[in-house]
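S.K.: A single structure is presented below for examination.
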Amino acid sequence: METPTANGKGPVVNTGTPIELGSYDPYGTFKDDRVVKIEHLFLPWEDVELKSMFEADAYAQQRGRDLLITVEPWSWSQDWRLMPVDLRNAILNGSYDPNMRAICKIAGELKSNVTIRWGQEMEDQDGRFTWSGWRPDDYIKAYRRMVDLCRKEAPKAKYMWSPKGLEGLQAYYPGDNYADSIGLSVFGLQKYDNDKFGRDRTFAELLKPGYDLTVPFNKPIVVAELGYVGKQAYVDNWKQTVTEVEADFPELNAVVYFNDKEVHPWPEGYGRPDWRIDFQVLE
């Protein structure tokens, strides 16, 4: 038996699957879907509205969901962002400890089960994130510093180390004591697939490289950011398969849909794909 989500437009949850569905859902599209088990929020640590965490907690509690909180170590205002070396130095010298401490103090007061995801996609070299592309040892020092600090404020929280899924990610692994789970990013853009590969690619095909690189760490694996855009048949294939039990992915525990428009343009003129389920089907 299958359970469609978001009025039949969202991912299908297959009954009996151990793979949970979550969503980053600023528009409330999945608000009535009881099969959604993870509520995802993104918090910039320089201009975060801390009370929003309590509101998210109440929202999640009403729906029986856990909280996945991605803490991005910058401001969402580009004018206030530091250069990569300056951000690295400020984190390592403790200048941003109060920012992380403030978020984690609130996280420790929430009623929901909380997982903290800090500084995602660190191995990506395309310049999207200020913290991505640091030397691995610098990233690991920063990540561990943040987790150590957060554990004092939120002792019950879990921690997700979340690379993008690219070659070289292993060098950024912070160690078994600093990762309760591993997150990956998987996005399917049909036009990109057809232009670059001459065919449609599947969810399993895009997940496999990152999965194979991270499964040796023996941690639960989550697709922390998931999206897909294309014609109806392409979208139908993805939404039907993302929670299927695949023999190739026994450690996959959850997929979390990113129900928003892409913030950063894709390279080579592909623009900002709109992953929102109301706009993901193209004519």
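In the structure tokens, each chain is lettered A, B, ... as it comes, each chain's residues begin at 1, and ligands are numbered from 1 in order of appearance.
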For range 123-130 of chain A, find every residue with an atom within 7 Å (counting only C-alpha atoms), except residues of its own chain fewer than 3 positions away, and show them as number ranges by chain.

M.R.: A: 83-84, 133, 163-164, 166, 168-169

S.K.: Go ahead and write the residues just picked, N, CA, C and O atoms, as a PDB file, in the first residue's frame.

M.R.:
ATOM      1  N   MET A  83      34.751  36.499   4.418  1.00  0.00           N
ATOM      2  CA  MET A  83      35.492  35.676   3.470  1.00  0.00           C
ATOM      3  C   MET A  83      35.817  34.332   4.124  1.00  0.00           C
ATOM      4  O   MET A  83      35.886  34.225   5.351  1.00  0.00           O
ATOM      5  N   PRO A  84      36.024  33.282   3.322  1.00  0.00           N
ATOM      6  CA  PRO A  84      36.247  31.954   3.898  1.00  0.00           C
ATOM      7  C   PRO A  84      37.340  31.890   4.951  1.00  0.00           C
ATOM      8  O   PRO A  84      37.153  31.290   6.013  1.00  0.00           O
ATOM      9  N   GLY A 133      35.167  23.904   1.078  1.00  0.00           N
ATOM     10  CA  GLY A 133      36.470  24.033   0.446  1.00  0.00           C
ATOM     11  C   GLY A 133      37.596  24.379   1.391  1.00  0.00           C
ATOM     12  O   GLY A 133      38.738  24.554   0.947  1.00  0.00           O
ATOM     13  N   PRO A 163      28.011  15.811   4.222  1.00  0.00           N
ATOM     14  CA  PRO A 163      28.661  16.194   2.972  1.00  0.00           C
ATOM     15  C   PRO A 163      27.652  16.214   1.828  1.00  0.00           C
ATOM     16  O   PRO A 163      26.522  15.744   1.964  1.00  0.00           O
ATOM     17  N   LYS A 164      28.090  16.739   0.700  1.00  0.00           N
ATOM     18  CA  LYS A 164      27.215  16.766  -0.466  1.00  0.00           C
ATOM     19  C   LYS A 164      27.108  15.387  -1.106  1.00  0.00           C
ATOM     20  O   LYS A 164      26.066  15.017  -1.647  1.00  0.00           O
ATOM     21  N   LEU A 166      30.319  14.053  -2.701  1.00  0.00           N
ATOM     22  CA  LEU A 166      31.305  14.122  -3.770  1.00  0.00           C
ATOM     23  C   LEU A 166      32.590  13.403  -3.395  1.00  0.00           C
ATOM     24  O   LEU A 166      32.889  13.182  -2.220  1.00  0.00           O
ATOM     25  N   GLY A 168      36.213  12.739  -2.340  1.00  0.00           N
ATOM     26  CA  GLY A 168      37.038  13.484  -1.402  1.00  0.00           C
ATOM     27  C   GLY A 168      36.367  13.789  -0.085  1.00  0.00           C
ATOM     28  O   GLY A 168      37.009  14.315   0.836  1.00  0.00           O
ATOM     29  N   LEU A 169      35.084  13.470   0.043  1.00  0.00           N
ATOM     30  CA  LEU A 169      34.364  13.785   1.276  1.00  0.00           C
ATOM     31  C   LEU A 169      34.961  13.082   2.491  1.00  0.00           C
ATOM     32  O   LEU A 169      34.862  13.576   3.631  1.00  0.00           O
TER      33      LEU A 169
END

S.K.: Pick out the residues sitting within 10 Å of range 89-93 of chain A, and hand them over as a list in words; count only C-alpha atoms, and ignore anything fewer than 3 positions along from it in its own chain.

M.R.: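 The contact residues come out as Pro73, Leu82, Pro84, Val85, Asp86, Tyr96, Asp97, Met100, Asp138, Tyr139, Lys141, Ala142, Tyr143, Arg145 and Met146 of chain A.
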
S.K.: For Val222 in chain A, which of A:Thr202, A:Ser181, A:Thr243, A:Thr115 is the closest residue, counting only C-alpha atoms?

M.R.: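 The shortest atom-to-atom distance to Val222 in chain A comes from A:Ser181.
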
S.K.: Counting only C-alpha atoms, which residue out of A:Ala56, A:Val114, A:Ile19, A:Ala171 sits closest to Leu252 in chain A?

M.R.: A:Ile19

S.K.: What lies within 8 Å of Phe30 in chain A using only C-alpha atoms, ignoring chain neighbours under 5 positions off, as a VMD selection string?

M.R.: chain A and resid 5 to 6 23 25 36

S.K.: For each of A:Ile277, A:Tyr27, A:Tyr178, A:Pro44, take the minimum atom-to-atom distance to Trp80 in chain A, counting only C-alpha atoms, then give the residue where this is smallest.

M.R.: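 Checking each of A:Ile277, A:Tyr27, A:Tyr178, A:Pro44 against Trp80 in chain A, counting only C-alpha atoms, the winner is A:Pro44.
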
S.K.: Out of range 62-255 of chain A, which residues get strand (DSSP E or B) from DSSP, as a VMD selection string?

M.R.: chain A and resid 66 to 72 114 to 118 158 to 161 181 to 189 221 to 230 252 to 255

S.K.: With N, CA and C atoms kept, could you save the residues just selected as an mmCIF file, in the first residue's frame?

M.R.:
data_model
loop_
_atom_site.group_PDB
_atom_site.id
_atom_site.type_symbol
_atom_site.label_atom_id
_atom_site.label_comp_id
_atom_site.auth_asym_id
_atom_site.auth_seq_id
_atom_site.Cartn_x
_atom_site.Cartn_y
_atom_site.Cartn_z
ATOM 1 N N ASP A 66 10.069 14.667 14.414
ATOM 2 C CA ASP A 66 11.349 15.068 14.971
ATOM 3 C C ASP A 66 11.830 16.320 14.250
ATOM 4 N N LEU A 67 12.803 17.003 14.843
ATOM 5 C CA LEU A 67 13.366 18.207 14.242
ATOM 6 C C LEU A 67 14.778 17.949 13.730
ATOM 7 N N LEU A 68 15.023 18.330 12.492
ATOM 8 C CA LEU A 68 16.368 18.379 11.917
ATOM 9 C C LEU A 68 16.697 19.858 11.732
ATOM 10 N N ILE A 69 17.716 20.330 12.437
ATOM 11 C CA ILE A 69 18.062 21.756 12.407
ATOM 12 C C ILE A 69 19.408 21.921 11.737
ATOM 13 N N THR A 70 19.404 22.515 10.542
ATOM 14 C CA THR A 70 20.645 22.835 9.843
ATOM 15 C C THR A 70 21.100 24.218 10.259
ATOM 16 N N VAL A 71 22.273 24.287 10.888
ATOM 17 C CA VAL A 71 22.853 25.558 11.306
ATOM 18 C C VAL A 71 23.906 25.956 10.282
ATOM 19 N N GLU A 72 23.652 27.058 9.595
ATOM 20 C CA GLU A 72 24.583 27.561 8.585
ATOM 21 C C GLU A 72 25.425 28.677 9.193
ATOM 22 N N VAL A 114 15.809 16.206 18.618
ATOM 23 C CA VAL A 114 16.523 17.186 17.798
ATOM 24 C C VAL A 114 17.809 16.584 17.240
ATOM 25 N N THR A 115 18.041 16.804 15.948
ATOM 26 C CA THR A 115 19.328 16.509 15.314
ATOM 27 C C THR A 115 19.885 17.810 14.762
ATOM 28 N N ILE A 116 21.144 18.108 15.102
ATOM 29 C CA ILE A 116 21.828 19.311 14.631
ATOM 30 C C ILE A 116 22.715 18.945 13.446
ATOM 31 N N ARG A 117 22.570 19.683 12.373
ATOM 32 C CA ARG A 117 23.369 19.494 11.143
ATOM 33 C C ARG A 117 24.124 20.801 10.900
ATOM 34 N N TRP A 118 25.435 20.803 11.094
ATOM 35 C CA TRP A 118 26.220 22.040 11.020
ATOM 36 C C TRP A 118 27.133 22.038 9.803
ATOM 37 N N LYS A 158 21.180 14.950 18.819
ATOM 38 C CA LYS A 158 22.024 14.129 17.962
ATOM 39 C C LYS A 158 22.684 15.038 16.934
ATOM 40 N N TYR A 159 23.691 14.491 16.236
ATOM 41 C CA TYR A 159 24.464 15.308 15.304
ATOM 42 C C TYR A 159 24.616 14.602 13.967
ATOM 43 N N MET A 160 24.367 15.355 12.911
ATOM 44 C CA MET A 160 24.459 14.840 11.553
ATOM 45 C C MET A 160 25.610 15.519 10.828
ATOM 46 N N TRP A 161 26.566 14.724 10.380
ATOM 47 C CA TRP A 161 27.620 15.215 9.493
ATOM 48 C C TRP A 161 27.099 15.058 8.068
ATOM 49 N N SER A 181 24.637 10.411 12.573
ATOM 50 C CA SER A 181 24.108 10.024 11.268
ATOM 51 C C SER A 181 24.856 10.818 10.210
ATOM 52 N N ILE A 182 24.654 10.421 8.966
ATOM 53 C CA ILE A 182 25.296 11.098 7.832
ATOM 54 C C ILE A 182 24.214 11.563 6.873
ATOM 55 N N GLY A 183 24.300 12.832 6.474
ATOM 56 C CA GLY A 183 23.344 13.381 5.519
ATOM 57 C C GLY A 183 23.969 13.562 4.145
ATOM 58 N N LEU A 184 23.171 13.384 3.108
ATOM 59 C CA LEU A 184 23.611 13.606 1.732
ATOM 60 C C LEU A 184 22.603 14.508 1.031
ATOM 61 N N SER A 185 23.011 15.097 -0.084
ATOM 62 C CA SER A 185 22.121 15.917 -0.903
ATOM 63 C C SER A 185 21.921 15.244 -2.251
ATOM 64 N N VAL A 186 20.656 15.091 -2.667
ATOM 65 C CA VAL A 186 20.344 14.431 -3.940
ATOM 66 C C VAL A 186 19.272 15.246 -4.661
ATOM 67 N N PHE A 187 19.640 15.829 -5.794
ATOM 68 C CA PHE A 187 18.706 16.639 -6.575
ATOM 69 C C PHE A 187 18.702 16.167 -8.024
ATOM 70 N N GLY A 188 17.510 15.957 -8.560
ATOM 71 C CA GLY A 188 17.354 15.521 -9.940
ATOM 72 C C GLY A 188 16.751 16.617 -10.798
ATOM 73 N N LEU A 189 17.501 17.078 -11.766
ATOM 74 C CA LEU A 189 17.024 18.097 -12.707
ATOM 75 C C LEU A 189 17.043 17.474 -14.104
ATOM 76 N N ILE A 221 22.260 6.604 7.247
ATOM 77 C CA ILE A 221 22.386 7.581 6.160
ATOM 78 C C ILE A 221 21.016 8.175 5.860
ATOM 79 N N VAL A 222 21.012 9.486 5.684
ATOM 80 C CA VAL A 222 19.793 10.244 5.410
ATOM 81 C C VAL A 222 20.031 11.115 4.181
ATOM 82 N N VAL A 223 19.065 11.174 3.281
ATOM 83 C CA VAL A 223 19.105 12.207 2.244
ATOM 84 C C VAL A 223 18.507 13.454 2.888
ATOM 85 N N ALA A 224 19.372 14.338 3.361
ATOM 86 C CA ALA A 224 18.938 15.493 4.133
ATOM 87 C C ALA A 224 18.326 16.578 3.257
ATOM 88 N N GLU A 225 18.666 16.567 1.969
ATOM 89 C CA GLU A 225 18.072 17.504 1.012
ATOM 90 C C GLU A 225 17.766 16.733 -0.265
ATOM 91 N N LEU A 226 16.497 16.739 -0.658
ATOM 92 C CA LEU A 226 16.022 16.009 -1.826
ATOM 93 C C LEU A 226 15.126 16.912 -2.661
ATOM 94 N N GLY A 227 15.334 16.898 -3.967
ATOM 95 C CA GLY A 227 14.437 17.618 -4.861
ATOM 96 C C GLY A 227 14.510 17.039 -6.256
ATOM 97 N N TYR A 228 13.461 17.278 -7.054
ATOM 98 C CA TYR A 228 13.460 16.823 -8.440
ATOM 99 C C TYR A 228 12.489 17.664 -9.250
ATOM 100 N N VAL A 229 12.898 17.951 -10.475
ATOM 101 C CA VAL A 229 12.113 18.790 -11.388
ATOM 102 C C VAL A 229 12.226 18.225 -12.792
ATOM 103 N N GLY A 230 11.105 18.142 -13.484
ATOM 104 C CA GLY A 230 11.123 17.693 -14.871
ATOM 105 C C GLY A 230 9.720 17.499 -15.380
ATOM 106 N N LEU A 252 20.062 3.388 4.348
ATOM 107 C CA LEU A 252 19.284 4.603 4.126
ATOM 108 C C LEU A 252 18.081 4.603 5.060
ATOM 109 N N ASN A 253 18.016 5.606 5.940
ATOM 110 C CA ASN A 253 16.972 5.660 6.964
ATOM 111 C C ASN A 253 15.863 6.653 6.673
ATOM 112 N N ALA A 254 16.178 7.715 5.926
ATOM 113 C CA ALA A 254 15.175 8.761 5.700
ATOM 114 C C ALA A 254 15.555 9.592 4.487
ATOM 115 N N VAL A 255 14.535 10.226 3.898
ATOM 116 C CA VAL A 255 14.730 11.224 2.852
ATOM 117 C C VAL A 255 13.922 12.463 3.256
#

S.K.: So which one's closest to Gln78 in chain A, A:Asp47, A:Asp248, A:Thr241, A:Val35? Using only C-alpha atoms, please.

M.R.: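 For Gln78 in chain A, the nearest of the candidates is A:Asp47.
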
S.K.: Give me, please, the distance in Å between CA of Val48 in chain A and CA of Lys156 in chain A, quoted to one decimal.

M.R.: 21.8 Å
